[in-house]
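Coordinates from coords00.txt are shown below (compact mmCIF, C-alpha atoms).
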# COMPACT_ATOMS: atom_id res chain seq x y z
CA MET A 233 -56.49 40.04 -27.89
CA LEU A 234 -57.92 38.96 -31.24
CA LEU A 235 -55.50 41.39 -32.85
CA ASN A 236 -52.60 39.60 -31.25
CA TYR A 237 -53.97 36.23 -32.19
CA PHE A 238 -53.97 37.03 -35.88
CA THR A 239 -50.47 38.43 -35.85
CA ASN A 240 -49.24 35.44 -33.85
CA ASP A 241 -48.28 37.65 -30.94
CA LEU A 242 -50.11 35.98 -28.06
CA THR A 243 -47.99 35.24 -25.02
CA ALA A 244 -48.40 31.83 -23.42
CA GLU A 245 -50.45 33.40 -20.65
CA GLN A 246 -52.67 35.25 -23.10
CA GLU A 247 -53.16 32.07 -25.04
CA LEU A 248 -54.59 30.35 -21.99
CA ARG A 249 -56.96 33.22 -21.38
CA PHE A 250 -57.80 33.25 -25.08
CA ASN A 251 -58.83 29.61 -25.10
CA GLU A 252 -60.81 30.13 -21.94
CA LEU A 253 -62.75 32.97 -23.55
CA LEU A 254 -63.41 30.89 -26.65
CA ALA A 255 -64.96 28.21 -24.50
CA THR A 256 -67.04 30.44 -22.25
CA ASP A 257 -67.83 33.69 -24.06
CA SER A 258 -70.15 33.04 -27.01
CA GLU A 259 -69.90 36.58 -28.32
CA PHE A 260 -66.13 36.36 -28.35
CA LYS A 261 -66.36 33.01 -30.08
CA GLN A 262 -68.70 34.43 -32.71
CA GLN A 263 -66.36 37.33 -33.44
CA PHE A 264 -63.42 34.94 -33.61
CA ASP A 265 -65.21 32.63 -36.06
CA PHE A 266 -66.10 35.59 -38.20
CA GLU A 267 -62.52 36.78 -38.40
CA LYS A 268 -61.26 33.27 -39.00
CA ASP A 269 -63.70 32.91 -41.89
CA LEU A 270 -62.63 36.25 -43.25
CA GLN A 271 -59.01 35.13 -43.11
CA GLU A 272 -59.87 32.01 -45.06
CA VAL A 273 -61.77 34.01 -47.65
CA ILE A 274 -58.90 36.41 -48.18
CA ARG A 275 -56.48 33.52 -48.38
CA ASP A 276 -58.62 31.82 -50.97
CA LYS A 277 -58.70 35.00 -53.01
CA GLU A 278 -54.95 35.55 -52.79
CA VAL A 279 -54.24 31.95 -53.70
CA SER A 280 -56.30 32.09 -56.87
CA GLU A 281 -54.77 35.44 -57.76
CA LEU A 282 -51.30 34.00 -57.37
CA LYS A 283 -52.18 31.03 -59.53
CA SER A 284 -53.36 33.29 -62.35
CA LYS A 285 -50.22 35.37 -61.96
CA LEU A 286 -48.12 32.24 -62.45
CA VAL A 287 -50.15 31.28 -65.50
CA GLY A 288 -49.33 34.77 -66.75
CA PHE A 289 -45.58 34.29 -66.11
CA GLU A 290 -45.75 31.06 -68.05
CA LYS A 291 -47.40 32.78 -71.00
CA GLU A 292 -44.78 35.52 -70.93
CA LEU A 293 -42.05 32.90 -70.96
CA ALA A 294 -43.61 31.30 -74.00
CA THR A 295 -43.84 34.57 -75.92
CA GLU A 296 -40.50 36.00 -74.80
CA THR A 297 -38.62 32.97 -76.01
CA PRO A 298 -40.50 31.24 -78.78
CA VAL A 299 -37.85 28.53 -78.68
CA ILE A 300 -39.65 27.11 -75.71
CA LYS A 301 -42.50 26.11 -77.96
CA LEU A 302 -40.13 23.61 -79.48
CA LYS A 303 -39.67 22.06 -76.09
CA PRO A 304 -41.10 18.61 -76.80
CA ASN A 305 -38.60 18.21 -79.60
CA TYR A 306 -35.83 20.07 -77.93
CA ARG A 307 -34.38 17.10 -76.12
CA LYS A 308 -34.46 15.02 -79.22
CA TRP A 309 -32.57 17.72 -81.06
CA ALA A 310 -30.09 17.97 -78.25
CA MET A 311 -29.66 14.25 -78.33
CA ALA A 312 -29.34 14.26 -82.10
CA ALA A 313 -26.80 17.04 -81.85
CA SER A 314 -24.77 15.24 -79.25
CA ILE A 315 -24.90 12.05 -81.25
CA ALA A 316 -23.84 14.01 -84.32
CA LEU A 317 -20.94 15.36 -82.33
CA LEU A 318 -19.98 11.92 -81.15
CA VAL A 319 -20.10 10.62 -84.68
CA THR A 320 -17.99 13.52 -85.89
CA PHE A 321 -15.42 12.92 -83.23
CA GLY A 322 -15.42 9.27 -84.08
CA TRP A 323 -14.65 10.15 -87.67
CA MET A 324 -12.06 12.71 -86.78
CA GLY A 325 -9.47 10.96 -84.79
CA TYR A 326 -10.39 7.82 -83.03
CA ASN A 327 -10.14 5.47 -85.91
CA ASN A 328 -8.81 2.76 -83.67
CA PHE A 329 -11.85 2.93 -81.47
CA SER A 330 -14.26 3.86 -84.22
CA GLY A 331 -17.83 3.50 -83.19
CA PRO A 332 -19.87 4.97 -80.40
CA ASN A 333 -18.45 6.43 -77.24
CA TYR A 334 -20.02 3.95 -74.85
CA GLY A 335 -19.18 5.83 -71.71
CA SER A 336 -20.93 8.96 -72.80
CA LEU A 337 -23.90 7.09 -74.24
CA TYR A 338 -24.24 5.57 -70.82
CA GLU A 339 -23.90 8.89 -69.04
CA THR A 340 -26.42 10.56 -71.33
CA ASN A 341 -28.99 7.87 -70.90
CA PHE A 342 -28.62 6.68 -67.36
CA GLN A 343 -31.16 8.24 -65.07
CA GLU A 344 -31.99 7.03 -61.64
CA TYR A 345 -35.34 5.30 -61.55
CA PRO A 346 -37.76 6.89 -59.07
CA ASN A 347 -39.33 4.93 -56.27
CA THR A 348 -42.84 4.28 -57.48
CA VAL A 349 -43.76 1.27 -55.46
CA TYR A 350 -43.36 1.84 -51.78
CA ALA A 351 -46.70 1.05 -50.17
CA ILE A 352 -47.92 1.94 -46.75
CA THR A 353 -50.43 -0.82 -46.27
CA ARG A 354 -48.33 -3.79 -45.28
CA GLY A 355 -47.23 -5.38 -42.00
CA GLU A 356 -45.72 -2.99 -39.53
CA THR A 357 -42.19 -4.32 -39.24
CA VAL A 358 -41.64 -5.25 -42.83
CA GLU A 359 -43.13 -1.94 -43.75
CA SER A 360 -40.74 0.05 -41.64
CA ILE A 361 -37.72 -1.84 -42.96
CA GLU A 362 -38.93 -1.27 -46.47
CA ARG A 363 -39.58 2.34 -45.72
CA ASP A 364 -36.04 2.74 -44.41
CA ALA A 365 -34.77 1.06 -47.53
CA PHE A 366 -36.61 3.45 -49.82
CA VAL A 367 -35.63 6.45 -47.74
CA ALA A 368 -32.03 5.37 -48.18
CA TYR A 369 -32.56 4.71 -51.87
CA GLU A 370 -34.11 8.09 -52.49
CA SER A 371 -31.40 9.93 -50.64
CA GLY A 372 -28.70 8.10 -52.53
CA ASN A 373 -27.48 5.80 -49.75
CA TYR A 374 -27.54 2.75 -51.96
CA GLN A 375 -25.54 0.53 -49.65
CA ALA A 376 -27.95 1.21 -46.79
CA ALA A 377 -30.83 0.57 -49.16
CA ILE A 378 -29.38 -2.82 -50.09
CA ASP A 379 -28.77 -3.70 -46.45
CA ASN A 380 -32.38 -2.93 -45.62
CA PHE A 381 -33.78 -4.71 -48.66
CA ASN A 382 -31.82 -7.77 -47.56
CA LYS A 383 -33.43 -7.67 -44.11
CA ILE A 384 -36.87 -8.26 -45.54
CA PRO A 385 -37.76 -11.95 -45.12
CA ALA A 386 -38.25 -13.94 -48.29
CA SER A 387 -41.95 -14.50 -47.60
CA ASP A 388 -42.55 -10.76 -47.56
CA ARG A 389 -40.44 -9.87 -50.54
CA GLU A 390 -42.32 -8.13 -53.28
CA GLU A 391 -41.19 -8.76 -56.81
CA TYR A 392 -40.18 -5.17 -57.30
CA LEU A 393 -37.48 -5.43 -54.63
CA ASP A 394 -35.27 -7.31 -57.09
CA PHE A 395 -35.56 -4.42 -59.45
CA TYR A 396 -34.59 -1.87 -56.82
CA MET A 397 -31.76 -4.11 -55.62
CA GLY A 398 -30.47 -4.08 -59.18
CA LEU A 399 -30.76 -0.31 -59.35
CA SER A 400 -29.00 0.17 -56.03
CA TYR A 401 -26.07 -2.01 -57.14
CA MET A 402 -25.99 -0.20 -60.43
CA ASN A 403 -25.74 3.13 -58.67
CA LEU A 404 -22.87 1.74 -56.62
CA GLY A 405 -21.14 0.72 -59.82
CA GLN A 406 -21.34 -2.98 -58.96
CA THR A 407 -22.55 -4.07 -62.33
CA GLN A 408 -22.27 -7.80 -61.86
CA GLU A 409 -24.62 -7.92 -58.89
CA SER A 410 -26.83 -5.48 -60.66
CA GLU A 411 -27.05 -7.73 -63.74
CA THR A 412 -27.94 -10.71 -61.59
CA PHE A 413 -30.93 -8.89 -60.13
CA PHE A 414 -32.11 -7.47 -63.43
CA ASN A 415 -31.96 -10.95 -64.95
CA LYS A 416 -34.03 -12.18 -62.04
CA VAL A 417 -36.60 -9.49 -62.76
CA ILE A 418 -36.73 -10.59 -66.39
CA SER A 419 -37.01 -14.29 -65.69
CA SER A 420 -39.82 -13.71 -63.19
CA GLU A 421 -41.59 -11.61 -65.85
CA SER A 422 -42.39 -8.98 -63.27
CA GLU A 423 -43.90 -5.66 -64.18
CA PHE A 424 -40.43 -4.12 -64.28
CA THR A 425 -39.23 -6.39 -67.07
CA PRO A 426 -38.98 -3.61 -69.69
CA GLU A 427 -37.10 -1.40 -67.22
CA ALA A 428 -34.72 -4.26 -66.49
CA HIS A 429 -33.95 -4.67 -70.19
CA TRP A 430 -33.27 -0.97 -70.45
CA TYR A 431 -30.86 -0.93 -67.54
CA LEU A 432 -29.15 -4.11 -68.72
CA ALA A 433 -28.62 -2.38 -72.04
CA LEU A 434 -27.07 0.59 -70.26
CA ILE A 435 -24.78 -1.67 -68.26
CA SER A 436 -23.72 -3.33 -71.50
CA LEU A 437 -22.94 0.10 -72.93
CA LYS A 438 -20.81 0.88 -69.95
CA GLU A 439 -18.98 -2.39 -70.39
CA GLU A 440 -18.73 -1.82 -74.12
CA ASP A 441 -20.56 -5.05 -74.77
CA LYS A 442 -22.25 -4.03 -77.97
CA GLU A 443 -23.94 -7.34 -78.64
CA SER A 444 -25.67 -7.53 -75.30
CA ALA A 445 -26.70 -3.88 -75.51
CA ILE A 446 -28.29 -4.44 -78.89
CA LYS A 447 -29.97 -7.62 -77.73
CA ASN A 448 -31.64 -5.92 -74.77
CA LEU A 449 -32.60 -2.83 -76.73
CA LYS A 450 -34.17 -4.99 -79.44
CA ILE A 451 -36.27 -6.90 -76.94
CA LEU A 452 -37.27 -3.62 -75.34
CA THR A 453 -38.31 -1.91 -78.56
CA SER A 454 -40.10 -4.89 -80.03
CA LYS A 455 -42.13 -5.82 -76.97
CA TYR A 456 -42.49 -2.75 -74.76
CA ASN A 457 -42.95 0.98 -74.79
CA PHE A 458 -40.64 1.96 -71.96
CA GLN A 459 -37.95 4.40 -73.19
CA LYS A 460 -38.78 3.32 -76.72
CA ASP A 461 -37.64 6.53 -78.43
CA LYS A 462 -34.32 6.59 -76.67
CA ALA A 463 -33.80 2.89 -77.24
CA LEU A 464 -34.44 3.26 -80.96
CA GLU A 465 -31.96 6.12 -81.15
CA LEU A 466 -29.37 4.10 -79.29
CA LEU A 467 -29.91 1.15 -81.62
CA GLN A 468 -29.33 3.38 -84.61
CA GLU A 469 -26.23 4.74 -83.02
CA LEU A 470 -24.87 1.30 -82.25
CA ASP A 471 -25.51 -0.04 -85.73
CA MET B 19 -28.72 31.69 -61.11
CA GLU B 20 -29.23 29.42 -58.15
CA ASN B 21 -27.27 31.73 -55.92
CA GLU B 22 -29.65 34.53 -56.64
CA THR B 23 -32.65 32.54 -55.51
CA ALA B 24 -30.75 31.56 -52.42
CA ASN B 25 -30.52 35.23 -51.57
CA ILE B 26 -34.24 35.73 -51.63
CA THR B 27 -35.33 35.89 -48.04
CA LEU B 28 -38.58 34.96 -46.40
CA GLU B 29 -39.26 38.65 -45.92
CA ASP B 30 -38.79 39.34 -49.62
CA LEU B 31 -41.30 36.65 -50.42
CA LYS B 32 -43.77 37.82 -47.83
CA LYS B 33 -43.83 41.26 -49.35
CA GLY B 34 -45.02 39.49 -52.45
CA SER B 35 -43.67 41.90 -55.05
CA GLU B 36 -44.36 40.82 -58.60
CA SER B 37 -40.67 40.82 -59.54
CA VAL B 38 -39.64 38.56 -56.67
CA LEU B 39 -42.50 36.15 -57.39
CA LYS B 40 -41.51 36.02 -61.02
CA LYS B 41 -37.85 35.56 -60.29
CA VAL B 42 -38.50 32.61 -58.01
CA TYR B 43 -40.90 31.17 -60.55
CA GLU B 44 -38.44 31.36 -63.42
CA GLU B 45 -35.38 30.29 -61.53
CA ASN B 46 -36.85 27.06 -60.25
CA ARG B 47 -38.99 26.22 -63.24
CA ASP B 48 -36.58 24.26 -65.42
CA LYS B 49 -35.08 22.38 -62.52
CA PHE B 50 -38.53 21.37 -61.35
CA LEU B 51 -39.75 20.34 -64.80
CA ASN B 52 -36.64 18.22 -65.30
CA TYR B 53 -37.37 16.52 -62.03
CA ALA B 54 -41.05 16.03 -62.85
CA ARG B 55 -40.25 14.43 -66.21
CA ARG B 56 -39.11 11.33 -64.37
CA TYR B 57 -42.76 10.63 -63.75
CA SER B 58 -45.36 9.93 -66.33
CA LEU B 59 -47.33 13.14 -66.55
CA SER B 60 -47.67 15.28 -69.64
CA GLU B 61 -45.66 18.49 -69.97
CA ASP B 62 -48.80 20.59 -69.45
CA GLU B 63 -49.62 18.65 -66.31
CA ASN B 64 -46.05 19.15 -65.10
CA ILE B 65 -46.31 22.90 -65.54
CA ASP B 66 -49.65 22.88 -63.77
CA VAL B 67 -48.17 20.88 -60.91
CA TYR B 68 -45.25 23.31 -60.70
CA GLN B 69 -47.63 26.23 -60.38
CA ASP B 70 -49.72 24.47 -57.75
CA ALA B 71 -46.60 23.53 -55.79
CA TYR B 72 -45.50 27.13 -55.95
CA VAL B 73 -48.89 28.34 -54.70
CA ILE B 74 -48.89 25.85 -51.81
CA PHE B 75 -45.33 26.79 -50.92
CA TYR B 76 -46.25 30.46 -50.88
CA ASP B 77 -49.41 29.83 -48.92
CA ASN B 78 -47.39 28.06 -46.25
CA VAL B 79 -44.94 30.94 -46.12
CA MET B 80 -47.80 33.37 -45.59
CA SER B 81 -49.55 31.28 -42.98
CA GLY B 82 -46.36 31.09 -40.95
CA LYS B 83 -45.88 27.34 -41.42
CA ILE B 84 -42.42 28.14 -42.71
CA GLU B 85 -40.84 30.37 -40.11
CA SER B 86 -37.40 30.27 -41.59
CA PHE B 87 -35.83 28.54 -44.55
CA THR B 88 -34.10 25.35 -43.46
CA SER B 89 -33.61 24.35 -47.08
CA SER B 90 -33.48 25.97 -50.46
CA ILE B 91 -36.75 27.05 -52.03
CA SER B 92 -36.37 24.37 -54.68
CA THR B 93 -36.27 21.63 -52.03
CA TYR B 94 -39.62 22.79 -50.71
CA LEU B 95 -41.03 22.92 -54.22
CA PHE B 96 -39.78 19.40 -55.00
CA GLY B 97 -41.30 18.02 -51.81
CA ILE B 98 -44.70 19.53 -52.49
CA GLY B 99 -44.40 18.77 -56.20
CA LYS B 100 -43.80 15.11 -55.60
CA TYR B 101 -46.89 14.87 -53.49
CA LEU B 102 -48.92 16.58 -56.20
CA ILE B 103 -47.43 14.48 -59.00
CA PHE B 104 -48.34 11.25 -57.24
CA ASP B 105 -51.76 12.61 -56.51
CA GLN B 106 -52.24 13.51 -60.16
CA MET B 107 -50.95 10.12 -61.29
CA ARG B 108 -53.48 8.44 -59.07
CA LYS B 109 -56.22 10.63 -60.52
CA ASN B 110 -55.07 9.68 -64.01
CA LYS B 111 -54.94 6.07 -62.85
CA LYS B 112 -51.49 5.80 -64.33
CA THR B 113 -50.16 3.21 -61.95
CA VAL B 114 -46.51 2.55 -62.38
CA GLY B 115 -46.20 -0.14 -59.77
CA SER B 116 -48.56 -2.72 -58.38
CA ASN B 117 -48.58 -1.72 -54.74
CA TYR B 118 -48.28 1.83 -55.74
CA ASP B 119 -49.22 4.43 -53.21
CA LEU B 120 -48.10 7.81 -52.03
CA SER B 121 -44.56 7.37 -50.91
CA MET B 122 -43.84 9.97 -48.34
CA VAL B 123 -40.18 9.32 -47.96
CA GLY B 124 -37.00 11.29 -48.39
CA GLU B 125 -35.65 14.57 -47.11
CA SER B 126 -37.79 16.93 -49.11
CA ASP B 127 -40.88 14.99 -48.03
CA GLU B 128 -40.08 15.30 -44.36
CA LEU B 129 -39.61 18.99 -44.90
CA VAL B 130 -43.13 19.50 -46.19
CA SER B 131 -44.86 16.82 -44.14
CA THR B 132 -46.69 19.37 -41.99
CA PHE B 133 -47.86 21.45 -44.92
CA GLU B 134 -51.47 21.77 -45.85
CA MET B 135 -51.59 20.43 -49.38
CA GLU B 136 -55.29 20.57 -49.96
CA ARG B 137 -57.67 23.08 -48.53
CA PRO B 138 -61.34 22.36 -48.06
CA GLY B 139 -63.68 24.37 -50.24
CA LEU B 140 -65.30 27.46 -48.76
CA THR B 141 -68.31 26.93 -46.52
CA THR B 142 -71.57 28.68 -47.41
CA GLU B 143 -70.88 31.21 -44.68
CA GLN B 144 -67.47 31.87 -46.19
CA GLN B 145 -68.88 32.15 -49.68
CA LEU B 146 -71.24 34.82 -48.44
CA LEU B 147 -68.32 36.62 -46.85
CA GLN B 148 -66.37 36.34 -50.05
CA LYS B 149 -69.16 37.94 -52.01
CA TYR B 150 -69.41 40.97 -49.74
CA PHE B 151 -65.69 41.29 -49.17
CA GLY B 152 -65.52 42.02 -52.88
CA THR B 153 -67.93 44.92 -52.47
CA LEU B 154 -65.74 46.70 -49.92
CA GLY B 155 -63.64 49.68 -50.95
CA LYS B 156 -60.16 49.06 -52.21
CA LYS B 157 -58.59 50.57 -49.12
CA CYS B 158 -60.56 48.27 -46.83
CA GLN B 159 -59.71 45.19 -48.84
CA GLU B 160 -56.05 46.12 -48.76
CA LEU B 161 -55.98 46.76 -45.06
CA LEU B 162 -57.76 43.52 -44.21
CA THR B 163 -55.49 41.56 -46.55
CA LEU B 164 -52.39 43.04 -44.95
CA PHE B 165 -53.69 42.06 -41.55
CA TYR B 166 -55.34 38.68 -42.09
CA TYR B 167 -53.24 37.31 -44.92
CA ARG B 168 -49.84 38.94 -44.74
CA GLY B 169 -49.92 38.93 -40.94
CA LEU B 170 -48.70 42.50 -40.55
CA THR B 171 -49.14 44.10 -37.14
CA ILE B 172 -51.19 47.27 -36.72
CA GLN B 173 -47.94 49.18 -36.42
CA GLU B 174 -46.55 47.74 -39.62
CA ILE B 175 -49.77 48.50 -41.45
CA MET B 176 -49.54 52.08 -40.21
CA VAL B 177 -46.11 52.42 -41.82
CA ALA B 178 -46.95 50.48 -44.98
CA GLY B 179 -50.25 52.29 -45.57
CA GLY B 180 -49.05 55.74 -44.59
CA TYR B 181 -51.53 56.13 -41.70
CA ASN B 182 -50.97 58.76 -39.04
CA SER B 183 -51.23 56.55 -36.00
CA GLU B 184 -52.00 53.04 -34.88
CA ASN B 185 -55.37 54.20 -33.64
CA VAL B 186 -56.29 55.39 -37.11
CA VAL B 187 -55.48 51.94 -38.44
CA LYS B 188 -57.50 50.26 -35.72
CA SER B 189 -60.58 52.39 -36.21
CA GLN B 190 -60.31 52.07 -39.99
CA LYS B 191 -60.16 48.30 -39.57
CA SER B 192 -63.18 48.30 -37.26
CA ARG B 193 -65.15 50.37 -39.75
CA CYS B 194 -64.30 47.95 -42.57
CA MET B 195 -65.39 44.98 -40.47
CA LYS B 196 -68.59 46.74 -39.45
CA THR B 197 -69.51 47.52 -43.05
CA LEU B 198 -68.80 43.96 -44.03
CA LYS B 199 -71.00 42.56 -41.27
CA GLU B 200 -73.81 44.98 -42.07
CA ARG B 201 -73.81 44.06 -45.74
CA ILE B 202 -73.96 40.39 -44.94
CA ASN B 203 -76.75 40.79 -42.41
CA GLU B 204 -78.80 43.00 -44.74
CA ASN B 205 -78.78 40.29 -47.36
CA ARG B 206 -79.18 37.21 -45.29

Whole structure, structure tokens version:
Amino acid sequence: MLLNYFTNDLTAEQELRFNELLATDSEFKQQFDFEKDLQEVIRDKEVSELKSKLVGFEKELATETPVIKLKPNYRKWAMAASIALLVTFGWMGYNNFSGPNYGSLYETNFQEYPNTVYAITRGETVESIERDAFVAYESGNYQAAIDNFNKIPASDREEYLDFYMGLSYMNLGQTQESETFFNKVISSESEFTPEAHWYLALISLKEEDKESAIKNLKILTSKYNFQKDKALELLQELD
Amino acid sequence: MENETANITLEDLKKGSESVLKKVYEENRDKFLNYARRYSLSEDENIDVYQDAYVIFYDNVMSGKIESFTSSISTYLFGIGKYLIFDQMRKNKKTVGSNYDLSMVGESDELVSTFEMERPGLTTEQQLLQKYFGTLGKKCQELLTLFYYRGLTIQEIMVAGGYNSENVVKSQKSRCMKTLKERINENR
């Protein structure tokens, strides 16, 4: 019977009998505990062996392709290369529109902001609405996210909701609403102020509003650290 | 590349061959690291988290928690990874938001919500067992691992280990267990 237990082959009837034995037969129980412990021990051993195997794979990857060692700089190079390309193209033919390709600068730099705020400690109903909102946000249902954010009564609204409202509208391509919320974030000086400047800059890029993009990027780089490297590169590019 | 991983079955994984393990590791690595970079951990921490997520995923395959794949392997890894990333961020005290807590939301999170993410350390009894398990012969260790970890039936072990009959496997297993018990009791 113990054999069947460990291979998950107990029938429902056997399972009943099994539990009965566990409760009444101390010798059976002792043997069971021993085997359970053994299982745990073996599992522990296999888990640490797997972990060291993976560390080994990682080392092999690093030696097989030494390029990987450059990883921290790799993205910068890629970015530099793509900017170089953009510049080249700008020089080549598009004299009329000379300057940066705003659309692609936007595409390269826009990245959805992860949900980092959802808390599980607040009032039941508000909490479940907010949970629904963040579930929707994370699965890309931005309209549903907005609908749920809007259901949260003003007294329970956390500052960060404005930020996520802005992001949701941005993802829907409704830049005007998005701007309104990001400006709200900035004027309330919430913790997401630097993020709001960054996303406002990206919206400006999309709308080819160079001045506003530069303005937001300058505030961002002079006062905050969020996306500083990228912002500096963008500033250079826009100059 | 993705298609290849999609073809790896639960059975392939359970067999645990080095090449399959490596393939899965390499094919999901970059995707996972890209995902993890959204959060504020260092690259070394990200790699560490990826490996731990992989180990937990595999452990749940072996323990039968995952009976069949309802999603791609990467979805499982992301779900576990996110949990681990947030856990690590809390340990680093890198709060990104004020009311910041584990956010168990989203599809990949639901998928892994029943997983055991952390395992308690071994009890003293188990540590003792561990010590003497290591003194058993290779054949015994293999047989017991196939049975208790890989969940093979006696019949499957007979085939895999080239034994003559199921009874041979059973008596071999009993002998291994007996030796193990004796060694522990001698040294208690």

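Atom CA of B:Cys194 sits 19.1 Å away from atom CA of A:Asp276.
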
I'd like a table as a Markdown table: residues in chain A with an atom no more than 7 Å from chain B, each row giving the shortest atom pair and its distance in Å to one decimal, only C-alpha atoms counted, sorted by chain and rising residue number.
| residue | atom | partner | partner_atom | distance |
| --- | --- | --- | --- | --- |
| A:Phe238 | CA | B:Tyr166 | CA | 6.6 |
| A:Thr239 | CA | B:Gly169 | CA | 5.1 |
| A:Asp269 | CA | B:Gln144 | CA | 5.8 |
| A:Leu270 | CA | B:Leu147 | CA | 6.7 |
| A:Gln271 | CA | B:Tyr166 | CA | 5.2 |
| A:Val273 | CA | B:Gln148 | CA | 5.7 |
| A:Ile274 | CA | B:Thr163 | CA | 6.4 |
| A:Arg275 | CA | B:Tyr167 | CA | 6.1 |
| A:Val279 | CA | B:Val73 | CA | 6.5 |
| A:Leu282 | CA | B:Val73 | CA | 6.7 |
| A:Lys283 | CA | B:Val73 | CA | 6.4 |
| A:Leu286 | CA | B:Gln69 | CA | 6.4 |
| A:Phe289 | CA | B:Lys40 | CA | 6.7 |
| A:Thr348 | CA | B:Gly115 | CA | 6.0 |
| A:Val349 | CA | B:Tyr118 | CA | 4.6 |
| A:Tyr350 | CA | B:Ser121 | CA | 5.7 |
| A:Ala351 | CA | B:Asp119 | CA | 5.2 |
| A:Val367 | CA | B:Gly124 | CA | 5.1 |
| A:Glu370 | CA | B:Gly124 | CA | 5.9 |
| A:Ser371 | CA | B:Gly124 | CA | 6.2 |

Next item on the list: Using only C-alpha atoms, pick whichever of A:Leu293, A:Phe264, A:Glu259, A:Glu391 has the shortest atom-to-atom distance to A:Met233.
Entry: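 Nearest to A:Met233: A:Phe264.
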
Next item on the list: With a distance cut-off of 10 Å and all atoms listed in the file, select the neighbouring residues of B:Glu29, excluding the residue or stretch itself and same-chain residues fewer than 4 positions from it, and output the selection as number ranges by chain.
Entry: B: 33-34, 79, 86

Next item on the list: Work out how far atom CA of B:Lys32 is from atom CA of B:Val186, in Å to one decimal.
Entry: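 So the two atoms, atom CA of B:Val186 and atom CA of B:Lys32, lie 24.1 Å apart.
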
Check: Quick one: distance from atom CA of B:Tyr53 to atom CA of B:Tyr94 in Å, one decimal?
Finding: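 Result for atom CA of B:Tyr53 versus atom CA of B:Tyr94: 13.1 Å, one decimal.
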
Next item on the list: Write out as a ChimeraX atom specification each polymer residue whose atoms come within 12 Å of B:Tyr181, counting all atoms listed in the file; drop sequence neighbours fewer than 5 positions from it.
Entry: /B:157,161,172-176,186-191

Notebook entry, point to check: Using all atoms listed in the file, which of B:Asn78, B:Gln106, B:Ser90, B:Ser58 sits nearest B:Phe133?
Noted result: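 Looking only at the distances to B:Phe133, the closest residue turns out to be B:Asn78.
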
Checklist line | Using only C-alpha atoms: which of B:Arg206, B:Pro138, B:Glu85, B:Leu51 has the shortest distance to B:Lys100 | finding: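 Checking each candidate against B:Lys100, we get B:Leu51 as the closest.
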
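Counting all atoms listed in the file and comparing A:Lys291, A:Lys277, A:Lys383, A:His429, the residue that lies closest to A:Leu449 is A:His429.
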
Please write out, as lines of an AutoDock Vina configuration file, where the centre of an axis-aligned box around all listed atoms of stretch 154-172 of chain B lies and how long its edges are, in Å to one decimal, after adding 4 Å on each side.
center_x = -57.2
center_y = 43.9
center_z = -44.5
size_x = 25.0
size_y = 21.3
size_z = 23.5

Check: Skipping near chain neighbours, those fewer than 5 positions away, what residues fall within 10 Å of B:Lys49 using only C-alpha atoms, listed as a list of chain:residue names?
Finding: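 Residues near the query, excluding close chain neighbours: B:Glu44, B:Ala54, B:Ser92, B:Phe96.
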
May I have the selected residues written with C-alpha atoms, as an mmCIF file, keeping the file's coordinate frame?
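Saved result, out_34.cif, follows:
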data_model
loop_
_atom_site.group_PDB
_atom_site.id
_atom_site.type_symbol
_atom_site.label_atom_id
_atom_site.label_comp_id
_atom_site.auth_asym_id
_atom_site.auth_seq_id
_atom_site.Cartn_x
_atom_site.Cartn_y
_atom_site.Cartn_z
ATOM 1 C CA GLU B 44 -38.440 31.360 -63.420
ATOM 2 C CA ALA B 54 -41.050 16.030 -62.850
ATOM 3 C CA SER B 92 -36.370 24.370 -54.680
ATOM 4 C CA PHE B 96 -39.780 19.400 -55.000
#

Margin query: If we count all atoms listed in the file and set the cut-off at 12 Å, which residues sit around A:Gln408, ignoring sequence neighbours fewer than 4 positions away in its own chain? Please answer as number ranges by chain.
Written below: A: 397-404, 412-415, 432, 435-436, 438-439

Please output stretch 46-52 of chain B, rebuilt to include N, CA and C atoms, as a PDB file, in the coordinates of the input.
ATOM      1  N   ASN B  46     -36.687  28.454 -60.661  1.00  0.00           N
ATOM      2  CA  ASN B  46     -36.850  27.060 -60.250  1.00  0.00           C
ATOM      3  C   ASN B  46     -37.593  26.214 -61.270  1.00  0.00           C
ATOM      4  N   ARG B  47     -38.106  26.886 -62.291  1.00  0.00           N
ATOM      5  CA  ARG B  47     -38.990  26.220 -63.240  1.00  0.00           C
ATOM      6  C   ARG B  47     -38.328  25.047 -63.972  1.00  0.00           C
ATOM      7  N   ASP B  48     -37.197  25.309 -64.598  1.00  0.00           N
ATOM      8  CA  ASP B  48     -36.580  24.260 -65.420  1.00  0.00           C
ATOM      9  C   ASP B  48     -36.117  23.074 -64.570  1.00  0.00           C
ATOM     10  N   LYS B  49     -35.556  23.426 -63.432  1.00  0.00           N
ATOM     11  CA  LYS B  49     -35.080  22.380 -62.520  1.00  0.00           C
ATOM     12  C   LYS B  49     -36.254  21.481 -62.113  1.00  0.00           C
ATOM     13  N   PHE B  50     -37.352  22.122 -61.782  1.00  0.00           N
ATOM     14  CA  PHE B  50     -38.530  21.370 -61.350  1.00  0.00           C
ATOM     15  C   PHE B  50     -39.075  20.513 -62.490  1.00  0.00           C
ATOM     16  N   LEU B  51     -39.178  21.094 -63.669  1.00  0.00           N
ATOM     17  CA  LEU B  51     -39.750  20.340 -64.800  1.00  0.00           C
ATOM     18  C   LEU B  51     -38.863  19.149 -65.149  1.00  0.00           C
ATOM     19  N   ASN B  52     -37.556  19.351 -65.066  1.00  0.00           N
ATOM     20  CA  ASN B  52     -36.640  18.220 -65.300  1.00  0.00           C
ATOM     21  C   ASN B  52     -36.899  17.096 -64.327  1.00  0.00           C
TER      22      ASN B  52
END
